[in-house]
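Enquirer: Got coords-v5.cif for you, mmCIF, C-alpha atoms:
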```cif
data_start
#
loop_
_atom_site.label_atom_id
_atom_site.label_comp_id
_atom_site.auth_asym_id
_atom_site.auth_seq_id
_atom_site.Cartn_x
_atom_site.Cartn_y
_atom_site.Cartn_z
CA MET U 188 64.58 5.00 96.49
CA ALA U 189 67.51 5.04 98.93
CA THR U 190 68.37 1.46 98.02
CA ARG U 191 68.37 2.28 94.32
CA ARG U 192 70.36 5.49 94.93
CA PHE U 193 73.24 3.47 96.40
CA TYR U 194 72.79 0.40 94.22
CA PRO U 195 76.37 -0.27 93.03
CA ARG U 196 75.28 -1.73 89.70
CA SER U 197 73.20 1.28 88.71
CA LEU U 198 74.24 3.30 85.70
CA ARG U 199 74.90 6.28 87.95
CA TRP U 200 77.63 4.57 89.95
CA LYS U 201 79.00 2.77 86.91
CA ALA U 202 79.51 6.17 85.25
CA ALA U 203 81.10 7.52 88.43
CA ALA U 204 83.39 4.48 88.64
CA LEU U 205 84.36 4.90 84.98
CA VAL U 206 85.20 8.57 85.55
CA ALA U 207 87.19 7.66 88.66
CA LEU U 208 89.09 4.99 86.73
CA ALA U 209 89.83 7.45 83.93
CA CYS U 210 91.03 10.06 86.44
CA CYS U 211 93.26 7.50 88.16
CA ALA U 212 94.72 6.41 84.83
CA VAL U 213 95.42 10.02 83.77
CA ALA U 214 96.88 10.86 87.19
CA ALA U 215 99.09 7.76 87.08
CA VAL U 216 100.42 8.55 83.60
CA ILE U 217 101.04 12.21 84.45
CA GLY U 218 102.59 11.23 87.79
CA VAL U 219 105.01 8.79 86.18
CA LEU U 220 106.04 11.34 83.54
CA VAL U 221 106.52 14.13 86.10
CA HIS U 222 108.40 11.78 88.46
CA ARG U 223 110.77 10.66 85.72
CA ALA U 224 111.30 14.21 84.47
CA ALA U 225 111.99 15.50 87.99
CA ASP U 226 114.30 12.55 88.71
CA ARG U 227 116.30 13.09 85.53
CA SER U 228 116.49 16.84 86.11
CA GLY U 229 117.74 16.39 89.70
CA GLU U 230 120.26 13.76 88.68
CA ARG U 231 121.48 15.93 85.81
CA ALA U 232 121.95 18.89 88.15
CA GLY U 233 123.84 16.66 90.61
CA ARG U 234 126.10 15.33 87.87
CA GLU U 235 126.86 18.84 86.59
CA LEU U 236 127.66 20.04 90.13
CA THR U 237 129.85 17.04 90.84
CA ALA U 238 131.63 17.34 87.49
CA ALA U 239 132.32 21.04 88.11
CA GLN U 240 133.68 20.27 91.57
CA VAL U 241 135.98 17.47 90.45
CA ALA U 242 137.27 19.58 87.55
CA ALA U 243 137.99 22.48 89.89
CA ALA U 244 139.67 20.15 92.42
CA GLN U 245 141.80 18.54 89.68
CA LYS U 246 142.92 21.94 88.36
CA GLU U 247 143.73 23.34 91.83
CA TYR U 248 145.70 20.25 92.76
CA SER U 249 147.63 20.36 89.49
CA LEU U 250 148.59 24.00 90.10
CA THR U 251 149.32 23.98 93.83
CA GLY U 252 149.83 20.34 94.68
CA VAL U 253 147.48 20.84 97.60
CA ARG U 254 144.22 18.92 97.96
CA PRO U 255 141.17 21.23 98.13
CA ALA U 256 139.09 21.02 101.29
CA PHE U 257 136.00 19.81 99.42
CA ALA U 258 137.86 16.92 97.77
CA ASP U 259 139.66 13.78 98.84
CA LEU U 260 142.93 12.29 97.59
CA ARG U 261 143.00 8.53 97.29
CA THR U 262 144.72 5.71 95.52
CA THR U 263 142.94 3.57 92.99
CA ALA U 264 142.90 0.65 95.45
CA ASP U 265 141.02 2.78 97.98
CA LEU U 266 138.18 3.55 95.55
CA PRO U 267 134.89 1.61 95.48
CA ALA U 268 135.08 -1.06 92.78
CA PRO U 269 132.58 0.56 90.33
CA LEU U 270 134.38 3.90 90.59
CA ALA U 271 137.80 2.23 90.24
CA HIS U 272 136.66 0.49 87.03
CA GLY U 273 135.42 3.84 85.73
CA VAL U 274 138.78 5.50 86.41
CA ALA U 275 140.65 2.63 84.73
CA ASP U 276 138.54 3.06 81.59
CA LEU U 277 139.37 6.80 81.25
CA ARG U 278 141.03 7.69 77.96
CA THR U 279 142.46 11.16 78.71
CA PRO U 280 144.05 12.61 81.87
CA SER U 281 141.60 15.51 81.98
CA SER U 282 138.49 13.30 82.05
CA PHE U 283 136.78 11.91 85.16
CA ALA U 284 134.54 8.99 86.19
CA LEU U 285 131.08 9.28 87.78
CA TRP U 286 129.29 6.72 89.99
CA TYR U 287 125.91 7.01 91.67
CA ASP U 288 126.08 5.06 94.95
CA VAL U 289 122.58 4.15 96.15
CA LYS U 290 121.81 2.19 99.32
CA GLU U 291 118.16 2.70 100.15
CA PRO U 292 116.57 4.17 102.11
CA ASN U 293 119.08 6.80 103.30
CA TRP U 294 122.30 6.50 101.25
CA TYR U 295 122.40 8.55 98.03
CA TRP U 296 125.85 9.75 96.95
CA LEU U 297 127.18 10.84 93.59
CA TRP U 298 130.93 10.16 93.26
CA ALA U 299 133.38 11.75 90.81
CA ALA U 300 137.06 10.74 90.47
CA ALA U 301 139.80 12.18 88.28
CA PRO U 302 143.44 10.99 88.04
CA VAL U 303 146.07 13.52 89.26
CA GLY U 304 149.20 11.42 89.30
CA ASP U 305 150.62 7.93 89.46
CA ASP U 306 147.89 5.80 91.03
CA GLN U 307 146.40 8.83 92.70
CA VAL U 308 142.95 10.23 92.06
CA ILE U 309 141.09 13.26 93.36
CA VAL U 310 137.63 12.28 94.60
CA VAL U 311 134.53 14.45 95.10
CA ARG U 312 131.18 13.27 96.64
CA THR U 313 127.83 15.04 96.38
CA ASP U 314 124.99 14.15 98.73
CA MET U 315 121.85 13.48 96.64
CA SER U 316 119.54 12.80 99.61
CA ALA U 317 117.93 16.23 99.37
CA GLN U 318 117.06 15.64 95.72
CA VAL U 319 115.59 12.20 96.56
CA ARG U 320 113.53 13.61 99.43
CA SER U 321 112.31 16.40 97.18
CA LEU U 322 111.25 13.78 94.61
CA GLN U 323 109.42 11.78 97.28
CA LEU U 324 107.65 14.92 98.47
CA LEU U 325 106.62 15.61 94.87
CA ASP U 326 105.18 12.09 94.59
CA ARG U 327 103.15 12.50 97.77
CA SER U 328 101.91 15.88 96.60
CA MET U 329 100.77 14.39 93.28
CA VAL U 330 98.95 11.55 95.07
CA LYS U 331 97.17 14.03 97.36
CA ALA U 332 96.24 16.20 94.39
CA ALA U 333 94.85 13.17 92.54
CA LEU U 334 92.77 12.13 95.57
CA ALA U 335 91.47 15.69 95.96
CA ALA U 336 90.53 15.72 92.28
CA LEU U 337 88.70 12.41 92.70
CA LEU U 338 86.76 13.79 95.67
CA VAL U 339 85.50 16.56 93.39
CA VAL U 340 85.19 14.77 90.05
CA VAL U 341 83.47 11.54 91.20
CA PRO U 342 80.52 13.25 92.97
CA ALA U 343 80.21 15.65 90.06
CA ALA U 344 80.13 12.71 87.63
CA ALA U 345 77.54 10.93 89.80
CA LEU U 346 75.35 14.04 89.82
CA VAL U 347 75.62 14.41 86.05
CA ALA U 348 74.86 10.71 85.54
CA GLU U 349 71.91 10.91 87.96
CA ARG U 350 69.98 13.10 85.53
CA MET U 351 70.37 10.49 82.81
CA ASN U 352 69.60 7.77 85.36
CA ARG U 353 66.33 9.51 86.33
CA ARG U 354 65.28 9.65 82.70
CA LEU U 355 66.01 5.94 82.30
CA ARG U 356 64.10 5.06 85.49
CA HIS U 357 61.15 7.13 84.32
CA GLY U 358 61.22 5.29 81.01
CA SER U 359 61.38 1.87 82.69
CA ARG U 360 58.49 2.75 85.03
CA THR U 361 56.40 3.92 82.09
CA ALA U 362 57.24 0.77 80.11
CA ARG U 363 56.14 -1.37 83.07
CA ARG U 364 52.88 0.59 83.29
CA ILE U 365 52.27 -0.05 79.60
CA ALA U 366 53.06 -3.75 80.09
CA ASP U 367 50.58 -3.83 83.00
CA GLY U 368 47.81 -2.52 80.74
CA ASP U 369 48.00 1.28 81.12
CA LEU U 370 48.18 2.06 77.42
CA ASP U 371 47.70 5.79 78.07
CA ALA U 372 51.10 5.99 79.80
CA ARG U 373 53.78 7.89 77.89
CA ILE U 374 57.40 8.68 78.63
CA GLY U 375 57.30 12.07 76.96
CA ARG U 376 60.22 14.38 76.34
CA ARG U 377 61.86 15.72 79.48
CA GLY U 378 64.24 18.63 79.09
CA ARG U 379 66.01 19.78 75.93
CA ALA U 380 68.39 16.87 75.55
CA ARG U 381 68.56 15.26 72.12
CA ASP U 382 70.34 11.97 72.69
CA GLU U 383 69.83 8.22 72.47
CA ILE U 384 67.54 8.20 75.53
CA THR U 385 65.26 10.73 73.82
CA ASP U 386 65.18 8.54 70.70
CA ILE U 387 64.33 5.44 72.75
CA SER U 388 61.61 7.34 74.64
CA ALA U 389 60.08 8.56 71.40
CA ALA U 390 60.20 5.03 69.95
CA VAL U 391 58.53 3.54 73.07
CA ASP U 392 55.82 6.23 73.01
CA ALA U 393 55.20 5.60 69.31
CA MET U 394 55.02 1.86 69.95
CA ALA U 395 52.56 2.38 72.83
CA ALA U 396 50.40 4.67 70.70
CA ALA U 397 50.37 2.19 67.83
CA LEU U 398 49.58 -0.68 70.20
CA GLN U 399 46.78 1.32 71.82
CA ALA U 400 45.30 2.20 68.43
CA ARG U 401 45.47 -1.42 67.28
CA LEU U 402 43.88 -2.77 70.45
CA ALA U 403 41.17 -0.10 70.30
CA ALA U 404 40.44 -1.08 66.70
CA GLU U 405 40.24 -4.75 67.69
CA LYS U 406 37.88 -3.94 70.59
CA ARG U 407 35.67 -1.84 68.33
CA PHE U 408 35.64 -4.62 65.76
CA THR U 409 34.65 -7.20 68.41
CA ALA U 410 31.88 -4.98 69.74
CA ASP U 411 30.62 -4.10 66.26
CA VAL U 412 30.58 -7.73 65.17
CA ALA U 413 28.74 -8.79 68.31
CA HIS U 414 26.14 -6.03 67.91
CA GLU U 415 25.66 -6.73 64.21
CA LEU U 416 25.22 -10.45 64.88
CA ARG U 417 22.72 -9.91 67.67
CA THR U 418 19.74 -8.89 65.48
CA PRO U 419 19.92 -11.75 62.95
CA LEU U 420 20.73 -14.11 65.81
CA MET U 421 17.47 -13.23 67.59
CA GLY U 422 15.62 -14.03 64.39
CA LEU U 423 17.53 -17.28 64.10
CA VAL U 424 16.64 -18.20 67.70
CA THR U 425 12.96 -17.47 67.00
CA ALA U 426 13.04 -19.52 63.81
CA ALA U 427 14.74 -22.42 65.61
CA GLY U 428 11.99 -22.37 68.21
CA LEU U 429 9.43 -23.03 65.51
CA LEU U 430 11.11 -26.24 64.40
CA PRO U 431 9.55 -29.59 65.41
CA GLU U 432 10.54 -30.78 68.89
CA ASP U 433 10.94 -34.42 67.91
CA ASP U 434 13.15 -33.80 64.89
CA GLU U 435 16.81 -34.77 65.45
CA ALA U 436 18.12 -32.27 62.90
CA ALA U 437 15.99 -29.51 64.44
CA GLY U 438 17.44 -30.33 67.87
CA LEU U 439 20.96 -30.04 66.50
CA VAL U 440 20.11 -26.67 64.95
CA ARG U 441 18.69 -25.41 68.25
CA THR U 442 21.82 -26.55 70.11
CA GLN U 443 24.14 -24.74 67.72
CA VAL U 444 21.98 -21.62 67.72
CA LEU U 445 22.10 -21.57 71.53
CA ALA U 446 25.90 -21.93 71.46
CA LEU U 447 26.10 -19.08 68.96
CA ARG U 448 23.86 -16.93 71.16
CA VAL U 449 26.06 -17.61 74.19
CA LEU U 450 29.17 -16.70 72.20
CA VAL U 451 27.67 -13.41 70.97
CA GLU U 452 26.51 -12.49 74.49
CA ASP U 453 30.01 -13.25 75.81
CA LEU U 454 31.56 -11.07 73.12
CA LEU U 455 29.26 -8.21 74.09
CA GLU U 456 30.22 -8.67 77.74
CA VAL U 457 33.92 -8.69 76.88
CA SER U 458 33.49 -5.49 74.85
CA ARG U 459 31.77 -3.78 77.80
CA LEU U 460 34.58 -4.85 80.14
CA ASP U 461 37.20 -3.68 77.65
CA ALA U 462 35.51 -0.29 77.40
CA GLY U 463 35.93 0.21 81.16
CA ALA U 464 32.31 1.32 81.53
CA GLU U 465 31.34 -1.40 84.04
CA ARG U 466 30.74 -0.39 87.66
CA ALA U 467 30.03 -2.63 90.64
CA ARG U 468 26.69 -2.59 92.49
CA VAL U 469 27.87 -3.14 96.05
CA ASP U 470 25.71 -4.87 98.64
CA GLU U 471 26.26 -6.95 101.77
CA VAL U 472 26.26 -10.55 100.52
CA PRO U 473 26.41 -13.86 102.45
CA LEU U 474 29.19 -15.45 100.46
CA GLY U 475 28.33 -19.08 101.31
CA GLU U 476 24.77 -18.91 99.94
CA LEU U 477 25.87 -16.98 96.86
CA VAL U 478 28.62 -19.47 95.97
CA ALA U 479 26.32 -22.45 96.58
CA HIS U 480 23.79 -21.01 94.15
CA ALA U 481 26.44 -20.22 91.53
CA ALA U 482 28.05 -23.67 91.78
CA GLY U 483 24.63 -25.27 91.34
CA GLN U 484 23.95 -23.22 88.20
CA ALA U 485 27.27 -24.23 86.66
CA GLY U 486 26.42 -27.92 86.68
CA GLY U 487 26.13 -30.94 88.92
CA GLY U 488 28.89 -32.97 90.47
CA THR U 489 30.47 -30.02 92.28
CA ARG U 490 31.68 -30.50 95.84
CA LEU U 491 31.01 -27.47 98.02
CA ARG U 492 32.85 -26.86 101.27
CA LEU U 493 32.09 -23.88 103.51
CA GLU U 494 34.66 -22.89 106.14
CA ALA U 495 33.27 -19.92 108.08
CA PRO U 496 32.06 -18.00 105.02
CA ALA U 497 31.93 -14.26 105.53
CA VAL U 498 29.41 -11.59 104.67
CA VAL U 499 31.25 -9.25 102.31
CA PRO U 500 30.35 -5.99 100.56
CA THR U 501 30.49 -6.87 96.87
CA ASP U 502 28.49 -7.11 93.67
CA PRO U 503 26.64 -10.46 93.89
CA ARG U 504 25.94 -10.65 90.14
CA ARG U 505 29.63 -10.34 89.27
CA VAL U 506 30.77 -12.78 91.97
CA GLU U 507 28.17 -15.27 90.76
CA ARG U 508 29.35 -14.80 87.19
CA ILE U 509 32.98 -15.38 88.17
CA VAL U 510 32.23 -18.51 90.20
CA THR U 511 29.93 -19.89 87.50
CA ASN U 512 32.59 -19.46 84.83
CA LEU U 513 35.35 -20.95 87.01
CA VAL U 514 33.24 -24.01 87.90
CA ALA U 515 32.08 -24.50 84.32
CA ASN U 516 35.69 -24.18 83.12
CA ALA U 517 36.78 -26.82 85.66
CA HIS U 518 34.03 -29.23 84.53
CA ARG U 519 34.72 -28.69 80.84
CA HIS U 520 38.52 -28.65 80.79
CA GLY U 521 39.50 -30.46 83.99
CA ALA U 522 38.52 -33.76 85.58
CA PRO U 523 36.25 -34.63 88.52
CA PRO U 524 35.91 -34.10 91.32
CA VAL U 525 35.48 -30.33 91.07
CA GLU U 526 35.77 -28.72 94.51
CA VAL U 527 34.60 -25.25 95.53
CA THR U 528 35.78 -23.99 98.94
CA VAL U 529 34.70 -20.79 100.68
CA THR U 530 37.02 -19.69 103.50
CA GLY U 531 36.09 -16.33 104.92
CA ALA U 532 36.14 -13.98 101.92
CA ARG U 533 38.20 -16.32 99.73
CA ILE U 534 36.78 -18.68 97.11
CA THR U 535 38.81 -21.48 95.52
CA VAL U 536 37.77 -23.68 92.61
CA ARG U 537 39.83 -26.77 91.94
CA ASP U 538 39.63 -29.70 89.55
CA HIS U 539 41.78 -32.82 89.28
CA GLY U 540 42.68 -32.61 85.60
CA PRO U 541 45.98 -31.79 83.87
CA GLY U 542 46.07 -28.28 85.33
CA PHE U 543 46.37 -24.89 83.68
CA PRO U 544 48.84 -24.65 80.77
CA ASP U 545 52.11 -22.83 81.29
CA ASP U 546 51.25 -19.91 79.00
CA LEU U 547 48.05 -19.21 80.96
CA LEU U 548 49.98 -19.24 84.24
CA ALA U 549 52.59 -16.88 82.79
CA GLU U 550 50.40 -14.48 80.78
CA GLY U 551 46.90 -14.93 82.19
CA PRO U 552 43.76 -15.97 80.24
CA GLN U 553 43.69 -15.00 76.57
CA ARG U 554 40.47 -14.77 74.59
CA PHE U 555 39.96 -17.39 71.87
CA ARG U 556 42.89 -19.39 73.23
CA THR U 557 42.20 -22.37 75.43
CA GLY U 558 45.79 -23.44 76.01
CA ALA U 559 46.89 -27.07 75.96
CA ALA U 560 44.92 -29.58 73.91
CA GLU U 561 44.47 -31.88 76.89
CA ARG U 562 42.27 -29.25 78.57
CA GLY U 563 39.61 -29.57 75.91
CA ARG U 564 38.03 -27.13 73.51
CA GLY U 565 36.31 -23.80 74.00
CA HIS U 566 36.28 -20.13 73.04
CA GLY U 567 38.60 -19.01 75.82
CA LEU U 568 36.21 -16.24 76.90
CA GLY U 569 35.03 -17.62 80.25
CA LEU U 570 38.23 -16.98 82.19
CA THR U 571 38.73 -13.67 80.36
CA ILE U 572 35.28 -12.53 81.53
CA ALA U 573 36.03 -13.74 85.06
CA VAL U 574 39.25 -11.70 85.14
CA GLY U 575 37.39 -8.65 83.84
CA HIS U 576 34.69 -8.86 86.52
CA ALA U 577 37.35 -9.40 89.22
CA ALA U 578 39.06 -6.20 88.04
CA VAL U 579 35.74 -4.31 88.32
CA LEU U 580 35.35 -5.64 91.87
CA GLY U 581 38.95 -4.79 92.73
CA ALA U 582 39.40 -8.40 93.83
CA GLY U 583 42.37 -10.68 93.24
CA LEU U 584 41.89 -13.62 90.86
CA THR U 585 44.88 -15.94 90.55
CA PHE U 586 45.45 -19.14 88.59
CA THR U 587 47.84 -21.83 89.80
CA ASN U 588 48.24 -25.59 89.72
CA ALA U 589 47.80 -27.65 92.87
CA PRO U 590 50.96 -29.43 94.11
CA ASP U 591 49.29 -32.84 93.72
CA GLY U 592 47.77 -32.02 90.32
CA GLY U 593 44.79 -30.11 89.02
CA ALA U 594 43.95 -26.51 88.21
CA LEU U 595 43.36 -24.13 91.12
CA ALA U 596 41.66 -20.74 90.75
CA THR U 597 41.43 -18.40 93.77
CA LEU U 598 39.14 -15.35 94.09
CA ASP U 599 40.06 -13.17 97.08
CA LEU U 600 37.41 -10.62 98.05
CA ALA U 601 39.10 -9.66 101.32
CA THR U 602 40.94 -6.70 99.74
CA ALA U 603 38.32 -5.89 97.10
CA ASP U 604 37.67 -2.21 96.59
CA PRO U 605 34.88 -1.75 94.05
CA ALA U 606 34.64 1.86 93.00
CA GLY U 607 32.59 4.10 90.74
CA PRO U 608 28.88 4.65 90.27
CA ALA U 609 26.56 1.68 90.08
CA ASP U 610 25.71 0.42 86.64
CA PRO U 611 22.20 -0.65 85.66
CA PRO U 612 21.41 -4.34 86.01
CA ALA U 613 22.69 -6.37 83.09
CA PRO U 614 20.40 -8.88 81.40
CA ASP U 615 20.89 -12.46 82.52
CA HIS U 616 22.34 -14.85 80.00
CA PRO U 617 23.88 -18.30 80.19
CA ALA U 618 27.45 -18.62 81.39
CA ALA U 619 29.93 -20.06 78.96
CA VAL U 620 33.55 -20.96 79.00
#
```
Could you take the file, read its structure, and then write that structure out as structure tokens?
Expert:
Amino acid sequence: MATRRFYPRSLRWKAAALVALACCAVAAVIGVLVHRAADRSGERAGRELTAAQVAAAQKEYSLTGVRPAFADLRTTADLPAPLAHGVADLRTPSSFALWYDVKEPNWYWLWAAAPVGDDQVIVVRTDMSAQVRSLQLLDRSMVKAALAALLVVVPAAALVAERMNRRLRHGSRTARRIADGDLDARIGRRGRARDEITDISAAVDAMAAALQARLAAEKRFTADVAHELRTPLMGLVTAAGLLPEDDEAAGLVRTQVLALRVLVEDLLEVSRLDAGAERARVDEVPLGELVAHAAGQAGGGTRLRLEAPAVVPTDPRRVERIVTNLVANAHRHGAPPVEVTVTGARITVRDHGPGFPDDLLAEGPQRFRTGAAERGRGHGLGLTIAVGHAAVLGAGLTFTNAPDGGALATLDLATADPAGPADPPAPDHPAAV
């Protein structure tokens, strides 16, 4: 949580950064306007003071012929060049020239010169350093005020954005739970806010509810079809058993009836797993013997390797069902040799065929979808059933491809945590993939 709280790319800190940027922009604009206004006001006041002084000095000199103490009497040649040009451009004797002499950082003088006789001018200077220092102090004060405002506004913006950020995180966590299979998860409405986040939350909840209803309808349909087919199928199996043993057509009928029976039994098993009513019957099981028996039931040509097999608390029927389906899947869709290895509480089943298709590796087994054509044909229920039983056991079942080719399925019972009351023994039926 701490990492996410200070994650710089989170919406919370993006909002805080946007507010800080907006505050800086506003402060900069206001600062420039205030600086220019204060600068113009100070310069205007200096010009008015200097103009009043030079006018008073010119009048006193004209009346008394004596230079005032606050003024200076010079010739045009003694004036700075910009001020001399200004005096030369004067049109009337009563007018005066102004020049702002700036040599940063400490020289700020406002000059005024007015002619009082042949080649003589009365000169007045006003020190503008105080006005410049006052302007600099104003700039520093505005910068400090802007920083103080940021220290208040940015945390406040982060706190305001955090509430929205929490709602978004809650929505993302709920969406991930739904994606992981928890279709009962809902975002819900938190608080009284009516905004885009509320609309998205309501849309996600509606989508989850619709998806849950559709999946429930599909599960009910699968279970109902399997149950409805079971009764006529038993009659069909009985009728097939009465056909002549040496008839080729009768043998074909019996084969197809058996395949249909296996499919219906698998559909019933899938419906029970989907309903979540299955519970493990836990017992101490020698894993090596159990896997050897299951691999033998799945078909010949399986290489078994035992590397210190453990005795684990698990449901032997479900483990046997998983191993049988994995081995049968490897024989049907892969290529020999098929290898089964038991290492401690871990079971691996590997073939040397083309490997699992990419969509199975990315999304997991899907019923009635066998993946790539090169892995053969089938109903796609065997691996689905294996995943369902592994979930009941609380064990990890992963599907990968070996680096040197071939599909590799791994059942890890080391961290299995089967829970819930024991279910009654299920009737045995052939394994199918």
Enquirer: Excluding Val241 of chain U and any residue of its chain fewer than 6 positions from it, enumerate the residues within 7 Å of it, using all atoms listed in the file, and give them as a VMD selection string.
Expert: chain U and resid 299 to 301 310 to 311
Enquirer: Output C-alpha atoms of each residue in that selection to a file, as a PDB file, keeping the file's coordinate frame.
Expert:
```pdb
ATOM      1  CA  ALA U 299     133.380  11.750  90.810  1.00  0.00           C
ATOM      2  CA  ALA U 300     137.060  10.740  90.470  1.00  0.00           C
ATOM      3  CA  ALA U 301     139.800  12.180  88.280  1.00  0.00           C
ATOM      4  CA  VAL U 310     137.630  12.280  94.600  1.00  0.00           C
ATOM      5  CA  VAL U 311     134.530  14.450  95.100  1.00  0.00           C
TER       6      VAL U 311
END
```
Enquirer: For a quick check of understanding, using all atoms listed in the file, which of U:His520, U:Arg441, U:Arg223, U:Arg376 has the smallest distance to Asp392 of chain U?
Expert: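 Nearest candidate to Asp392 of chain U out of U:His520, U:Arg441, U:Arg223, U:Arg376: U:Arg376.
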Enquirer: Using only C-alpha atoms, determine which residues lie at most 10 Å from Leu416 of chain U, disregarding the query and same-chain residues fewer than 5 positions distant; provide the list as a list in words.
Expert: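 With the cut-off at 10 Å, the set is Ala410, Asp411, Met421, Leu447, Arg448, Val451 and Glu452 of chain U.
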Enquirer: Just to confirm, what's the straight-line distance from atom CA of Asp591 of chain U to atom CA of Glu476 of chain U in Å (one decimal)?
Expert: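 The value is 28.9 Å.
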Enquirer: Which is closest to Asn293 of chain U among U:Leu439, U:Ile374, U:Met315, U:Ile309, if we use all atoms listed in the file?
Expert: U:Met315
Enquirer: For the file shown, report as a short mmCIF file (atom, residue, chain, number, x, y, z; two decimals) with C-alpha atoms, in the frame of the given file the outcome of the PyMOL selection byres ((chain U and resi 349-360) around 9) at residue level.
Expert:
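What ended up in expr_26.cif:
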```
data_model
loop_
_atom_site.label_atom_id
_atom_site.label_comp_id
_atom_site.auth_asym_id
_atom_site.auth_seq_id
_atom_site.Cartn_x
_atom_site.Cartn_y
_atom_site.Cartn_z
CA ARG U 192 70.36 5.49 94.93
CA SER U 197 73.20 1.28 88.71
CA LEU U 198 74.24 3.30 85.70
CA ARG U 199 74.90 6.28 87.95
CA TRP U 200 77.63 4.57 89.95
CA ALA U 344 80.13 12.71 87.63
CA ALA U 345 77.54 10.93 89.80
CA LEU U 346 75.35 14.04 89.82
CA VAL U 347 75.62 14.41 86.05
CA ALA U 348 74.86 10.71 85.54
CA THR U 361 56.40 3.92 82.09
CA ALA U 362 57.24 0.77 80.11
CA ARG U 363 56.14 -1.37 83.07
CA ARG U 364 52.88 0.59 83.29
CA ILE U 365 52.27 -0.05 79.60
CA ARG U 373 53.78 7.89 77.89
CA ILE U 374 57.40 8.68 78.63
CA GLY U 375 57.30 12.07 76.96
CA ARG U 377 61.86 15.72 79.48
CA ILE U 384 67.54 8.20 75.53
CA THR U 385 65.26 10.73 73.82
CA ILE U 387 64.33 5.44 72.75
CA SER U 388 61.61 7.34 74.64
CA VAL U 391 58.53 3.54 73.07
#
```
Enquirer: Nearest to Leu584 of chain U: which of U:Gly551, U:Pro541, U:Gly569, U:Gly531 is it, counting only C-alpha atoms?
Expert: U:Gly551
Enquirer: I want to know what sits within 12 Å of Ala577 of chain U, based on all atoms listed in the file, with residues of the same chain fewer than 5 positions away left out; could you give that as a PyMOL selection string?
Expert: chain U and resi 460+465-467+501-510+512-513+570-572+582-585+597-600+602-605
Enquirer: Evaluate the PyMOL selection byres ((chain U and resi 271-282) around 12) here and jot the selected residues down as a CSV table (one decimal) with C-alpha atoms, in the frame of the given file.
Expert:
```csv
chain,number,residue,atom,x,y,z
U,238,ALA,CA,131.6,17.3,87.5
U,239,ALA,CA,132.3,21.0,88.1
U,241,VAL,CA,136.0,17.5,90.4
U,242,ALA,CA,137.3,19.6,87.6
U,243,ALA,CA,138.0,22.5,89.9
U,244,ALA,CA,139.7,20.2,92.4
U,245,GLN,CA,141.8,18.5,89.7
U,246,LYS,CA,142.9,21.9,88.4
U,249,SER,CA,147.6,20.4,89.5
U,261,ARG,CA,143.0,8.5,97.3
U,262,THR,CA,144.7,5.7,95.5
U,263,THR,CA,142.9,3.6,93.0
U,264,ALA,CA,142.9,0.6,95.4
U,265,ASP,CA,141.0,2.8,98.0
U,266,LEU,CA,138.2,3.6,95.6
U,267,PRO,CA,134.9,1.6,95.5
U,268,ALA,CA,135.1,-1.1,92.8
U,269,PRO,CA,132.6,0.6,90.3
U,270,LEU,CA,134.4,3.9,90.6
U,283,PHE,CA,136.8,11.9,85.2
U,284,ALA,CA,134.5,9.0,86.2
U,285,LEU,CA,131.1,9.3,87.8
U,286,TRP,CA,129.3,6.7,90.0
U,287,TYR,CA,125.9,7.0,91.7
U,298,TRP,CA,130.9,10.2,93.3
U,299,ALA,CA,133.4,11.8,90.8
U,300,ALA,CA,137.1,10.7,90.5
U,301,ALA,CA,139.8,12.2,88.3
U,302,PRO,CA,143.4,11.0,88.0
U,303,VAL,CA,146.1,13.5,89.3
U,304,GLY,CA,149.2,11.4,89.3
U,305,ASP,CA,150.6,7.9,89.5
U,306,ASP,CA,147.9,5.8,91.0
U,307,GLN,CA,146.4,8.8,92.7
U,308,VAL,CA,143.0,10.2,92.1
U,309,ILE,CA,141.1,13.3,93.4
U,310,VAL,CA,137.6,12.3,94.6
```
Enquirer: If you apply the PyMOL selection byres ((chain U and resi 370) around 8) to this file, what residues do you get, as a ChimeraX atom specification?
Expert: /U:364-365,368-369,371-372,395-396,398-399
Enquirer: May I have the residues from that selection written out with C-alpha atoms, as a short mmCIF file (atom, residue, chain, number, x, y, z; two decimals), keeping the file's coordinate frame?
Expert:
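Contents of the output file again_38.cif:
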```cif
data_model
loop_
_atom_site.label_atom_id
_atom_site.label_comp_id
_atom_site.auth_asym_id
_atom_site.auth_seq_id
_atom_site.Cartn_x
_atom_site.Cartn_y
_atom_site.Cartn_z
CA ARG U 364 52.88 0.59 83.29
CA ILE U 365 52.27 -0.05 79.60
CA GLY U 368 47.81 -2.52 80.74
CA ASP U 369 48.00 1.28 81.12
CA ASP U 371 47.70 5.79 78.07
CA ALA U 372 51.10 5.99 79.80
CA ALA U 395 52.56 2.38 72.83
CA ALA U 396 50.40 4.67 70.70
CA LEU U 398 49.58 -0.68 70.20
CA GLN U 399 46.78 1.32 71.82
#
```
Enquirer: Please determine the residues with any atom at most 12 Å from (88.5, 5.4, 88.5) (coordinates as given in the file, with all atoms listed in the file counting) and report them as JSON, numbers by chain.
Expert: {"U": [200, 201, 202, 203, 204, 205, 206, 207, 208, 209, 210, 211, 212, 213, 214, 215, 333, 334, 336, 337, 338, 340, 341, 344]}
Enquirer: Would you pick out the contacts of Leu491 of chain U at 10 Å or less, using all atoms listed in the file, so that residues sharing its chain but fewer than 4 positions from it are not included, and give the list as a PyMOL selection string?
Expert: chain U and resi 475+478-479+482-483+525-529+536
Enquirer: Name the closest residue to Val221 of chain U among the candidates U:Asp326, U:Glu432, U:Glu415, U:Asp545; distances are taken between atoms, counting all atoms listed in the file.
Expert: U:Asp326
